[in-house]
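Listing of coords29.cif, mmCIF, C-alpha atoms
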```cif
data_data
loop_
_atom_site.group_PDB
_atom_site.id
_atom_site.type_symbol
_atom_site.label_atom_id
_atom_site.label_comp_id
_atom_site.auth_asym_id
_atom_site.auth_seq_id
_atom_site.Cartn_x
_atom_site.Cartn_y
_atom_site.Cartn_z
ATOM 1 C CA MET A 1151 -2.221 0.701 -6.974
ATOM 2 C CA MET A 1152 -2.461 -0.856 -3.516
ATOM 3 C CA LYS A 1153 -4.391 1.304 -1.058
ATOM 4 C CA LEU A 1154 -2.485 2.644 1.942
ATOM 5 C CA THR A 1155 -3.648 3.413 5.459
ATOM 6 C CA ALA A 1156 -1.786 5.493 8.028
ATOM 7 C CA PHE A 1157 -2.654 3.853 11.357
ATOM 8 C CA ASP A 1158 -2.004 5.924 14.479
ATOM 9 C CA GLN A 1159 -1.999 4.274 17.907
ATOM 10 C CA VAL A 1160 -1.886 7.774 19.476
ATOM 11 C CA LEU A 1161 0.963 7.004 21.858
ATOM 12 C CA VAL A 1162 2.005 9.523 24.513
ATOM 13 C CA TYR A 1163 5.619 10.725 24.430
ATOM 14 C CA GLY A 1164 7.534 12.772 26.996
ATOM 15 C CA ALA A 1165 6.525 16.388 27.551
ATOM 16 C CA THR A 1166 4.137 16.248 24.576
ATOM 17 C CA GLY A 1167 1.691 14.588 26.969
ATOM 18 C CA PRO A 1168 -1.800 13.208 26.281
ATOM 19 C CA ALA A 1169 -3.132 16.515 24.904
ATOM 20 C CA GLY A 1170 -0.213 16.839 22.507
ATOM 21 C CA ALA A 1171 -0.619 13.207 21.401
ATOM 22 C CA ALA A 1172 -4.214 13.878 20.350
ATOM 23 C CA ARG A 1173 -3.307 17.085 18.503
ATOM 24 C CA GLU A 1174 -0.393 15.404 16.744
ATOM 25 C CA SER A 1175 -2.738 12.649 15.581
ATOM 26 C CA VAL A 1176 -4.857 15.210 13.750
ATOM 27 C CA ARG A 1177 -1.696 16.720 12.226
ATOM 28 C CA LEU A 1178 -0.645 13.231 11.127
ATOM 29 C CA ALA A 1179 -3.977 12.779 9.330
ATOM 30 C CA VAL A 1180 -3.335 16.007 7.416
ATOM 31 C CA ALA A 1181 0.181 14.840 6.527
ATOM 32 C CA ALA A 1182 -1.096 11.417 5.409
ATOM 33 C CA GLU A 1183 -3.628 13.051 3.096
ATOM 34 C CA HIS A 1184 -0.898 15.277 1.633
ATOM 35 C CA LEU A 1185 1.257 12.188 0.993
ATOM 36 C CA GLY A 1186 -1.539 10.465 -0.899
ATOM 37 C CA TYR A 1187 -2.668 7.920 1.687
ATOM 38 C CA ASP A 1188 -6.187 6.544 1.195
ATOM 39 C CA ARG A 1189 -7.156 6.095 4.848
ATOM 40 C CA PHE A 1190 -6.240 7.334 8.307
ATOM 41 C CA TRP A 1191 -7.192 5.123 11.263
ATOM 42 C CA VAL A 1192 -6.812 5.601 15.016
ATOM 43 C CA ALA A 1193 -6.730 2.951 17.718
ATOM 44 C CA GLU A 1194 -8.763 2.706 20.912
ATOM 45 C CA HIS A 1195 -6.701 2.337 24.088
ATOM 46 C CA HIS A 1196 -7.763 3.233 27.625
ATOM 47 C CA GLY A 1197 -6.018 4.345 30.794
ATOM 48 C CA ALA A 1198 -3.811 7.179 32.024
ATOM 49 C CA THR A 1199 -1.038 6.436 29.511
ATOM 50 C CA SER A 1200 -3.340 6.275 26.489
ATOM 51 C CA GLY A 1201 -3.772 9.099 24.021
ATOM 52 C CA CYS A 1202 -7.094 7.895 22.632
ATOM 53 C CA GLY A 1203 -9.847 6.302 24.698
ATOM 54 C CA SER A 1204 -12.564 7.786 22.439
ATOM 55 C CA PRO A 1205 -11.394 7.279 18.852
ATOM 56 C CA GLU A 1206 -14.656 8.559 17.391
ATOM 57 C CA VAL A 1207 -13.769 12.022 18.725
ATOM 58 C CA LEU A 1208 -10.398 11.966 16.964
ATOM 59 C CA VAL A 1209 -12.095 10.677 13.799
ATOM 60 C CA ALA A 1210 -14.337 13.760 13.791
ATOM 61 C CA ALA A 1211 -11.411 16.104 14.455
ATOM 62 C CA ALA A 1212 -9.228 14.534 11.752
ATOM 63 C CA ALA A 1213 -12.045 14.447 9.197
ATOM 64 C CA ALA A 1214 -12.750 18.128 9.842
ATOM 65 C CA GLU A 1215 -9.116 19.044 9.096
ATOM 66 C CA THR A 1216 -8.879 16.980 5.905
ATOM 67 C CA ALA A 1217 -10.816 16.901 2.647
ATOM 68 C CA THR A 1218 -10.506 13.589 0.794
ATOM 69 C CA ILE A 1219 -8.823 10.913 2.921
ATOM 70 C CA ARG A 1220 -11.084 8.328 4.557
ATOM 71 C CA VAL A 1221 -10.907 8.493 8.367
ATOM 72 C CA GLY A 1222 -11.811 5.757 10.811
ATOM 73 C CA THR A 1223 -10.988 3.440 13.680
ATOM 74 C CA ALA A 1224 -8.845 0.350 14.149
ATOM 75 C CA SER A 1225 -10.670 -0.351 16.125
ATOM 76 C CA ILE A 1226 -13.738 0.396 18.202
ATOM 77 C CA LEU A 1227 -13.664 -2.311 20.886
ATOM 78 C CA LEU A 1228 -17.203 -3.543 20.394
ATOM 79 C CA PRO A 1229 -17.405 -5.792 23.507
ATOM 80 C CA HIS A 1230 -17.336 -2.628 25.651
ATOM 81 C CA TYR A 1231 -20.336 -0.942 23.987
ATOM 82 C CA ALA A 1232 -23.953 -1.267 22.917
ATOM 83 C CA PRO A 1233 -24.065 -1.837 19.131
ATOM 84 C CA LEU A 1234 -26.795 0.779 18.719
ATOM 85 C CA LYS A 1235 -24.621 3.422 20.374
ATOM 86 C CA VAL A 1236 -21.724 2.617 18.017
ATOM 87 C CA ALA A 1237 -24.040 2.640 15.010
ATOM 88 C CA THR A 1238 -25.548 5.974 16.088
ATOM 89 C CA THR A 1239 -22.125 7.600 16.501
ATOM 90 C CA PHE A 1240 -20.878 6.487 13.100
ATOM 91 C CA ASN A 1241 -24.180 7.280 11.429
ATOM 92 C CA LEU A 1242 -23.647 10.879 12.537
ATOM 93 C CA LEU A 1243 -20.007 10.879 11.426
ATOM 94 C CA GLU A 1244 -21.032 9.568 8.008
ATOM 95 C CA ARG A 1245 -23.662 12.318 7.694
ATOM 96 C CA LEU A 1246 -21.075 14.954 8.581
ATOM 97 C CA PHE A 1247 -18.400 13.527 6.271
ATOM 98 C CA PRO A 1248 -20.264 11.482 3.643
ATOM 99 C CA GLY A 1249 -18.298 8.750 1.913
ATOM 100 C CA ARG A 1250 -15.230 9.246 4.127
ATOM 101 C CA ILE A 1251 -15.856 7.279 7.338
ATOM 102 C CA ASP A 1252 -14.506 3.815 8.207
ATOM 103 C CA LEU A 1253 -15.706 1.848 11.226
ATOM 104 C CA GLY A 1254 -13.182 -0.769 12.234
ATOM 105 C CA ILE A 1255 -14.324 -3.048 15.046
ATOM 106 C CA GLY A 1256 -12.364 -5.504 17.176
ATOM 107 C CA ARG A 1257 -12.394 -7.229 20.524
ATOM 108 C CA GLY A 1258 -8.918 -6.706 22.010
ATOM 109 C CA PRO A 1259 -8.963 -5.514 25.633
ATOM 110 C CA GLY A 1260 -7.395 -2.134 24.805
ATOM 111 C CA ALA A 1261 -6.389 -1.595 28.428
ATOM 112 C CA GLY A 1262 -5.118 -3.232 31.586
ATOM 113 C CA GLN A 1263 -7.392 -5.516 33.580
ATOM 114 C CA THR A 1264 -8.465 -2.824 36.065
ATOM 115 C CA VAL A 1265 -9.680 -0.498 33.305
ATOM 116 C CA VAL A 1266 -11.327 -3.360 31.395
ATOM 117 C CA GLN A 1267 -13.327 -4.237 34.514
ATOM 118 C CA GLN A 1268 -14.534 -0.637 34.740
ATOM 119 C CA LEU A 1269 -15.571 -0.680 31.079
ATOM 120 C CA ALA A 1270 -17.337 -4.026 31.335
ATOM 121 C CA ARG A 1271 -21.144 -3.999 31.113
ATOM 122 C CA PRO A 1272 -23.199 -6.622 32.962
ATOM 123 C CA ASP A 1273 -24.958 -9.315 30.923
ATOM 124 C CA GLU A 1274 -23.280 -8.331 27.664
ATOM 125 C CA ALA A 1275 -24.120 -10.271 24.521
ATOM 126 C CA PRO A 1276 -21.361 -12.391 22.953
ATOM 127 C CA TYR A 1277 -19.138 -10.631 20.416
ATOM 128 C CA PRO A 1278 -20.623 -12.383 17.323
ATOM 129 C CA GLU A 1279 -24.122 -11.381 18.395
ATOM 130 C CA LYS A 1280 -22.990 -7.777 18.804
ATOM 131 C CA ILE A 1281 -21.596 -7.813 15.268
ATOM 132 C CA GLU A 1282 -24.953 -9.051 13.979
ATOM 133 C CA ARG A 1283 -26.793 -6.294 15.841
ATOM 134 C CA LEU A 1284 -24.396 -3.636 14.577
ATOM 135 C CA LEU A 1285 -24.831 -4.827 10.991
ATOM 136 C CA ALA A 1286 -28.607 -4.788 11.396
ATOM 137 C CA HIS A 1287 -28.566 -1.233 12.745
ATOM 138 C CA LEU A 1288 -26.342 0.003 9.910
ATOM 139 C CA THR A 1289 -28.185 -1.724 7.054
ATOM 140 C CA ALA A 1290 -31.800 -2.451 8.061
ATOM 141 C CA GLY A 1291 -33.181 1.072 7.571
ATOM 142 C CA THR A 1292 -35.219 1.092 10.795
ATOM 143 C CA ASP A 1293 -36.468 4.116 12.724
ATOM 144 C CA LEU A 1294 -33.618 3.693 15.211
ATOM 145 C CA LEU A 1295 -31.214 5.782 13.089
ATOM 146 C CA PRO A 1296 -31.534 8.778 10.766
ATOM 147 C CA GLU A 1297 -31.304 7.945 7.076
ATOM 148 C CA SER A 1298 -27.697 7.771 5.884
ATOM 149 C CA THR A 1299 -25.339 5.643 3.869
ATOM 150 C CA PRO A 1300 -23.429 3.323 6.229
ATOM 151 C CA PRO A 1301 -19.745 3.816 7.038
ATOM 152 C CA GLN A 1302 -17.355 1.272 5.562
ATOM 153 C CA LEU A 1303 -17.214 -1.490 8.152
ATOM 154 C CA TRP A 1304 -13.983 -3.452 8.773
ATOM 155 C CA LEU A 1305 -13.258 -6.240 11.214
ATOM 156 C CA THR A 1306 -9.751 -6.180 12.685
ATOM 157 C CA GLY A 1307 -8.020 -9.073 14.351
ATOM 158 C CA ALA A 1308 -4.802 -10.993 14.898
ATOM 159 C CA GLY A 1309 -5.938 -14.597 14.650
ATOM 160 C CA PRO A 1310 -8.224 -17.171 13.019
ATOM 161 C CA GLY A 1311 -11.205 -16.222 15.170
ATOM 162 C CA GLY A 1312 -11.394 -12.706 13.794
ATOM 163 C CA ALA A 1313 -10.804 -13.955 10.251
ATOM 164 C CA GLN A 1314 -13.698 -16.414 10.524
ATOM 165 C CA LEU A 1315 -16.055 -13.753 11.876
ATOM 166 C CA ALA A 1316 -15.146 -11.333 9.081
ATOM 167 C CA ALA A 1317 -15.774 -14.099 6.529
ATOM 168 C CA ARG A 1318 -19.090 -15.098 8.113
ATOM 169 C CA TYR A 1319 -20.496 -11.574 8.033
ATOM 170 C CA GLY A 1320 -19.075 -10.566 4.663
ATOM 171 C CA LEU A 1321 -16.760 -7.854 6.021
ATOM 172 C CA PRO A 1322 -13.325 -6.614 4.956
ATOM 173 C CA PHE A 1323 -10.613 -7.984 7.266
ATOM 174 C CA CYS A 1324 -7.504 -6.233 8.592
ATOM 175 C CA LEU A 1325 -4.873 -8.571 10.039
ATOM 176 C CA ALA A 1326 -2.542 -7.232 12.751
ATOM 177 C CA GLN A 1327 0.738 -8.569 11.346
ATOM 178 C CA PHE A 1328 2.610 -6.683 14.085
ATOM 179 C CA ALA A 1329 1.288 -9.282 16.544
ATOM 180 C CA HIS A 1330 3.229 -12.031 14.715
ATOM 181 C CA GLY A 1331 6.939 -12.609 14.268
ATOM 182 C CA THR A 1332 6.386 -14.370 10.942
ATOM 183 C CA PRO A 1333 3.750 -13.920 8.223
ATOM 184 C CA ARG A 1334 0.492 -15.802 8.799
ATOM 185 C CA PRO A 1335 -1.011 -16.246 5.333
ATOM 186 C CA ASP A 1336 -2.994 -19.189 6.719
ATOM 187 C CA ILE A 1337 -5.183 -16.704 8.614
ATOM 188 C CA VAL A 1338 -5.878 -14.673 5.477
ATOM 189 C CA GLU A 1339 -6.552 -17.826 3.428
ATOM 190 C CA LEU A 1340 -9.022 -18.990 6.065
ATOM 191 C CA TYR A 1341 -10.847 -15.679 5.627
ATOM 192 C CA ARG A 1342 -10.820 -15.789 1.832
ATOM 193 C CA GLU A 1343 -11.912 -19.431 1.608
ATOM 194 C CA ASN A 1344 -14.852 -18.966 3.992
ATOM 195 C CA PHE A 1345 -16.041 -15.526 2.880
ATOM 196 C CA ARG A 1346 -19.791 -15.143 2.441
ATOM 197 C CA PRO A 1347 -21.030 -12.024 0.630
ATOM 198 C CA GLY A 1348 -23.011 -9.726 2.912
ATOM 199 C CA PRO A 1349 -24.799 -6.380 2.820
ATOM 200 C CA LEU A 1350 -21.492 -4.498 3.285
ATOM 201 C CA GLY A 1351 -19.171 -6.701 1.236
ATOM 202 C CA ALA A 1352 -19.582 -8.631 -2.013
ATOM 203 C CA ALA A 1353 -16.033 -10.062 -2.106
ATOM 204 C CA PRO A 1354 -13.188 -10.584 0.387
ATOM 205 C CA ARG A 1355 -10.927 -7.609 1.004
ATOM 206 C CA VAL A 1356 -7.708 -7.851 3.021
ATOM 207 C CA SER A 1357 -5.538 -5.224 4.671
ATOM 208 C CA ILE A 1358 -2.298 -6.092 6.460
ATOM 209 C CA ALA A 1359 -1.325 -3.851 9.390
ATOM 210 C CA ALA A 1360 2.459 -3.614 9.728
ATOM 211 C CA ARG A 1361 4.581 -1.769 12.276
ATOM 212 C CA VAL A 1362 7.460 0.048 10.589
ATOM 213 C CA ALA A 1363 10.618 1.517 12.123
ATOM 214 C CA CYS A 1364 12.291 3.225 9.188
ATOM 215 C CA ALA A 1365 14.653 6.194 8.878
ATOM 216 C CA ASP A 1366 17.269 7.452 6.453
ATOM 217 C CA ASP A 1367 19.951 7.226 9.162
ATOM 218 C CA ALA A 1368 20.740 3.786 10.635
ATOM 219 C CA ARG A 1369 21.449 5.430 14.006
ATOM 220 C CA ASP A 1370 17.845 6.663 14.129
ATOM 221 C CA VAL A 1371 16.626 3.173 13.269
ATOM 222 C CA ARG A 1372 18.542 1.790 16.234
ATOM 223 C CA LEU A 1373 16.940 4.373 18.531
ATOM 224 C CA LEU A 1374 13.491 3.454 17.235
ATOM 225 C CA ARG A 1375 14.126 -0.227 17.907
ATOM 226 C CA SER A 1376 15.339 0.734 21.381
ATOM 227 C CA LEU A 1377 12.058 2.570 21.939
ATOM 228 C CA LEU A 1378 10.072 -0.500 20.878
ATOM 229 C CA ALA A 1379 12.008 -2.573 23.417
ATOM 230 C CA LEU A 1380 11.199 -0.011 26.127
ATOM 231 C CA ALA A 1381 7.528 0.034 25.146
ATOM 232 C CA ALA A 1382 7.325 -3.740 25.500
ATOM 233 C CA ALA A 1383 9.021 -3.846 28.920
ATOM 234 C CA PRO A 1384 7.166 -3.462 32.262
ATOM 235 C CA THR A 1385 7.508 0.113 33.508
ATOM 236 C CA SER A 1386 6.034 2.666 35.889
ATOM 237 C CA ARG A 1387 6.406 5.446 33.282
ATOM 238 C CA ARG A 1388 3.207 7.268 32.316
ATOM 239 C CA THR A 1389 4.644 8.241 28.918
ATOM 240 C CA LEU A 1390 7.155 6.876 26.441
ATOM 241 C CA PRO A 1391 10.430 8.831 26.285
ATOM 242 C CA SER A 1392 10.761 11.866 24.057
ATOM 243 C CA TRP A 1393 13.310 11.844 21.241
ATOM 244 C CA ASP A 1394 15.830 13.725 23.413
ATOM 245 C CA GLU A 1395 15.231 11.366 26.354
ATOM 246 C CA LEU A 1396 15.674 8.397 24.050
ATOM 247 C CA HIS A 1397 19.068 9.720 22.960
ATOM 248 C CA ALA A 1398 20.099 9.932 26.622
ATOM 249 C CA LEU A 1399 19.010 6.388 27.497
ATOM 250 C CA LYS A 1400 21.246 3.370 27.060
ATOM 251 C CA SER A 1401 20.015 1.512 23.976
ATOM 252 C CA THR A 1402 18.240 -1.791 24.540
ATOM 253 C CA ALA A 1403 17.838 -2.480 20.823
ATOM 254 C CA PRO A 1404 19.153 -5.690 19.238
ATOM 255 C CA PRO A 1405 22.606 -5.298 17.673
ATOM 256 C CA PRO A 1406 22.903 -4.096 14.071
ATOM 257 C CA GLY A 1407 22.127 -6.840 11.572
ATOM 258 C CA SER A 1408 19.945 -8.718 14.060
ATOM 259 C CA ASP A 1409 16.477 -9.727 12.909
ATOM 260 C CA ALA A 1410 15.143 -10.466 16.392
ATOM 261 C CA ASP A 1411 11.840 -8.692 15.680
ATOM 262 C CA GLY A 1412 11.095 -10.808 12.614
ATOM 263 C CA MET A 1413 8.021 -9.512 10.836
ATOM 264 C CA SER A 1414 6.461 -7.957 13.948
ATOM 265 C CA VAL A 1415 8.488 -4.817 13.177
ATOM 266 C CA LEU A 1416 9.742 -3.959 9.705
ATOM 267 C CA SER A 1417 12.857 -2.060 10.733
ATOM 268 C CA GLY A 1418 15.823 -0.645 8.875
ATOM 269 C CA VAL A 1419 16.925 2.015 6.438
ATOM 270 C CA PRO A 1420 14.697 2.390 3.356
ATOM 271 C CA THR A 1421 16.403 -0.323 1.262
ATOM 272 C CA GLU A 1422 15.993 -2.852 4.082
ATOM 273 C CA VAL A 1423 12.379 -1.985 4.810
ATOM 274 C CA ALA A 1424 11.514 -2.065 1.101
ATOM 275 C CA ASP A 1425 12.765 -5.652 0.940
ATOM 276 C CA LYS A 1426 10.792 -6.644 4.024
ATOM 277 C CA LEU A 1427 7.632 -5.002 2.717
ATOM 278 C CA ALA A 1428 8.072 -6.813 -0.585
ATOM 279 C CA ALA A 1429 8.321 -10.136 1.260
ATOM 280 C CA LEU A 1430 5.259 -9.314 3.350
ATOM 281 C CA ILE A 1431 3.164 -8.404 0.330
ATOM 282 C CA ALA A 1432 4.337 -11.520 -1.513
ATOM 283 C CA ALA A 1433 3.209 -13.637 1.448
ATOM 284 C CA TYR A 1434 -0.302 -12.181 1.641
ATOM 285 C CA SER A 1435 -1.181 -10.596 -1.744
ATOM 286 C CA PRO A 1436 -3.278 -8.046 0.187
ATOM 287 C CA ASP A 1437 -5.586 -5.421 -1.252
ATOM 288 C CA GLU A 1438 -4.371 -2.803 1.205
ATOM 289 C CA LEU A 1439 -1.546 -2.056 3.623
ATOM 290 C CA ALA A 1440 -1.888 -0.256 6.965
ATOM 291 C CA VAL A 1441 1.275 1.305 8.404
ATOM 292 C CA THR A 1442 1.891 2.185 12.036
ATOM 293 C CA THR A 1443 5.064 3.366 13.716
ATOM 294 C CA VAL A 1444 6.348 4.051 17.226
ATOM 295 C CA CYS A 1445 8.319 7.284 17.118
ATOM 296 C CA PRO A 1446 8.406 10.306 19.462
ATOM 297 C CA ASP A 1447 9.582 12.721 16.749
ATOM 298 C CA PHE A 1448 6.610 13.940 14.703
ATOM 299 C CA ASP A 1449 8.654 14.865 11.631
ATOM 300 C CA LEU A 1450 10.253 11.414 11.579
ATOM 301 C CA ARG A 1451 6.786 9.831 11.849
ATOM 302 C CA VAL A 1452 5.768 11.762 8.739
ATOM 303 C CA ARG A 1453 9.038 10.810 7.020
ATOM 304 C CA THR A 1454 8.302 7.135 7.729
ATOM 305 C CA LEU A 1455 4.929 7.480 6.000
ATOM 306 C CA GLU A 1456 6.629 9.238 3.098
ATOM 307 C CA LEU A 1457 9.220 6.482 2.721
ATOM 308 C CA VAL A 1458 6.614 3.719 2.793
ATOM 309 C CA ARG A 1459 4.443 5.604 0.300
ATOM 310 C CA ALA A 1460 7.363 5.501 -2.147
ATOM 311 C CA MET A 1461 7.814 1.745 -1.643
ATOM 312 C CA VAL A 1462 4.262 0.691 -2.430
ATOM 313 C CA PRO A 1463 3.882 -1.367 -5.598
ATOM 314 C CA SER A 1464 2.013 -0.049 -8.581
ATOM 315 C CA GLY A 1465 0.353 -2.913 -10.419
ATOM 316 C CA ASN A 1466 2.892 -5.778 -10.500
ATOM 317 C CA GLN A 1467 5.919 -3.494 -10.291
ATOM 318 C CA TRP A 1468 7.665 -3.216 -6.929
ATOM 319 C CA ALA A 1469 8.500 0.432 -6.340
ATOM 320 C CA GLY A 1470 11.590 0.143 -4.124
ATOM 321 C CA THR A 1471 14.201 0.086 -6.880
ATOM 322 C CA ALA A 1472 12.390 2.676 -8.996
ATOM 323 C CA CYS A 1473 12.442 5.096 -6.090
ATOM 324 C CA GLY A 1474 16.152 4.695 -5.480
ATOM 325 C CA PHE A 1475 15.878 2.304 -2.523
ATOM 326 C CA GLY A 1476 17.897 -0.472 -4.120
ATOM 327 C CA PRO A 1477 20.107 -1.463 -7.032
#
```
Rewrite the coordinates I just gave you, this time as structure tokens.
Amino acid sequence: MMKLTAFDQVLVYGATGPAGAARESVRLAVAAEHLGYDRFWVAEHHGATSGCGSPEVLVAAAAAETATIRVGTASILLPHYAPLKVATTFNLLERLFPGRIDLGIGRGPGAGQTVVQQLARPDEAPYPEKIERLLAHLTAGTDLLPESTPPQLWLTGAGPGGAQLAARYGLPFCLAQFAHGTPRPDIVELYRENFRPGPLGAAPRVSIAARVACADDARDVRLLRSLLALAAAPTSRRTLPSWDELHALKSTAPPPGSDADGMSVLSGVPTEVADKLAALIAAYSPDELAVTTVCPDFDLRVRTLELVRAMVPSGNQWAGTACGFGP
């Protein structure tokens, strides 16, 4: 069975506020474990509107409230940090929760330019060199870290550059499909064709990160697409609207039947999303799928994970029809 990751970007909605966003992320990890997900990942974003500028803290909190699910990041923004500090943090997490910690690294800015400038460190090494140093710290067995098995290291990215780096260092690769309107199997093939076995990976392993807007009621789907349009538009808001606020706003979503989002958002009622997921998986043949959603209602977020869980293929059999999502 394909492995599934619940990926939380820890967005801040309405009166829930930043504190509530962090607490709901931990609750979502518990729900994902209950639903049978294999991993729970949190993103790193900075600034006043972000719910998670220190994902390693949420990883510890979520791991402490769960028992079996792997917990990690997607991703620690390595250009902002010393590799030894990252290795030390995740060495400790792995000792606290052995066999359950994932360290996803990436190089997206994770914030606006003003915040990025504040995070920047003078005379930083290039990103590839930082990856090399991080790998050395996690695998070399030096006196710089206490003895421990390493966390599972992933490289996340949206383009060929990240794919090539993951292949060069023998790391699993997670592609951000939500950054693309159409599937990009060429990026995954570039990774697979150039993969070199390394100390943390003997064979290529691919996860596809998809944004899903799914609900049983088509009216809720339209509201979710409206929220995505609001999230993408310039605004002075410090939070995204709550579910009640979203109901009160005039919808900016594309009209019903429109496919304006393409594959950047897999939106629709369960039958529609099952078809889109099937097409996505056919395009990539991934080992794993990571699911993220933008939704102010916590129960609907959990329902989205539940619906996707029921759609995931088992072996070569697509599960949508078997679970009542299609004829």
7 Å contact set for A:Pro1446, all atoms listed in the file, chain neighbours under 4 positions out, as a list in words: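 So the residues in contact are Tyr1163, Ser1392 and Trp1393 of chain A.
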Could you check the closest approach to A:Leu1396 for each of A:Glu1183, A:Asp1447, A:Asp1366, A:Asp1293 and tell me which residue wins, using all atoms listed in the file? A:Asp1447
Can you report as JSON the centre and edge lengths in Å, to one decimal, of an axis-aligned box around the listed atoms of stretch 1258-1276 of chain A padded with 5 Å on each side?
```
{"center_x": -15.0, "center_y": -6.4, "center_z": 29.0, "size_x": 29.8, "size_y": 21.9, "size_z": 24.1}
```
Go through the shown structure with the PyMOL selection byres ((chain A and resi 1294) around 12) and write out the matching residues as a list in words. Pro1233, Leu1234, Lys1235, Ala1237, Thr1238, Asn1241, Leu1284, Ala1286, His1287, Leu1288, Thr1289, Ala1290, Gly1291, Thr1292, Asp1293, Leu1295, Pro1296, Glu1297 and Ser1298 of chain A
Contacts of stretch 1321-1325 of chain A within 6 Å, only C-alpha atoms, excl. fewer than 2 positions in-chain, as a CSV table (one decimal) with C-alpha atoms, in the coordinates of the input:
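Printed below is around.csv as written:
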```
chain,number,residue,atom,x,y,z
A,1304,TRP,CA,-14.0,-3.5,8.8
A,1305,LEU,CA,-13.3,-6.2,11.2
A,1306,THR,CA,-9.8,-6.2,12.7
A,1307,GLY,CA,-8.0,-9.1,14.4
A,1308,ALA,CA,-4.8,-11.0,14.9
A,1316,ALA,CA,-15.1,-11.3,9.1
A,1319,TYR,CA,-20.5,-11.6,8.0
A,1327,GLN,CA,0.7,-8.6,11.3
A,1351,GLY,CA,-19.2,-6.7,1.2
A,1355,ARG,CA,-10.9,-7.6,1.0
A,1356,VAL,CA,-7.7,-7.9,3.0
A,1357,SER,CA,-5.5,-5.2,4.7
A,1358,ILE,CA,-2.3,-6.1,6.5
A,1359,ALA,CA,-1.3,-3.9,9.4
```
Near-A:Gly1164 list (7 Å; only C-alpha atoms; drop same-chain fewer than 5 positions) as a PyMOL selection string: chain A and resi 1389-1392
Distance atom CA of A:Asp1370-atom CA of A:Leu1455, one decimal place? 15.3 Å
Once the PyMOL selection byres ((chain A and resi 1209) around 8) has been applied to the shown file, what residues remain in the selection, as a PyMOL selection string? chain A and resi 1191-1192+1205-1208+1210-1213+1221-1223
Let me see the file: selected residues, C-alpha atoms, as a PDB file, in the coordinates of the input.
```pdb
ATOM      1  CA  TRP A1191      -7.192   5.123  11.263  1.00  0.00           C
ATOM      2  CA  VAL A1192      -6.812   5.601  15.016  1.00  0.00           C
ATOM      3  CA  PRO A1205     -11.394   7.279  18.852  1.00  0.00           C
ATOM      4  CA  GLU A1206     -14.656   8.559  17.391  1.00  0.00           C
ATOM      5  CA  VAL A1207     -13.769  12.022  18.725  1.00  0.00           C
ATOM      6  CA  LEU A1208     -10.398  11.966  16.964  1.00  0.00           C
ATOM      7  CA  ALA A1210     -14.337  13.760  13.791  1.00  0.00           C
ATOM      8  CA  ALA A1211     -11.411  16.104  14.455  1.00  0.00           C
ATOM      9  CA  ALA A1212      -9.228  14.534  11.752  1.00  0.00           C
ATOM     10  CA  ALA A1213     -12.045  14.447   9.197  1.00  0.00           C
ATOM     11  CA  VAL A1221     -10.907   8.493   8.367  1.00  0.00           C
ATOM     12  CA  GLY A1222     -11.811   5.757  10.811  1.00  0.00           C
ATOM     13  CA  THR A1223     -10.988   3.440  13.680  1.00  0.00           C
TER      14      THR A1223
END
```
So that I can see what lies close to A:Arg1189, please list as an NGL selection string the residues with an atom at most 9 Å from it, counting only C-alpha atoms and leaving out residues fewer than 6 positions away in the same chain. :A and (1153-1157 or 1179 or 1182-1183 or 1219-1222 or 1250 or 1252 or 1440)
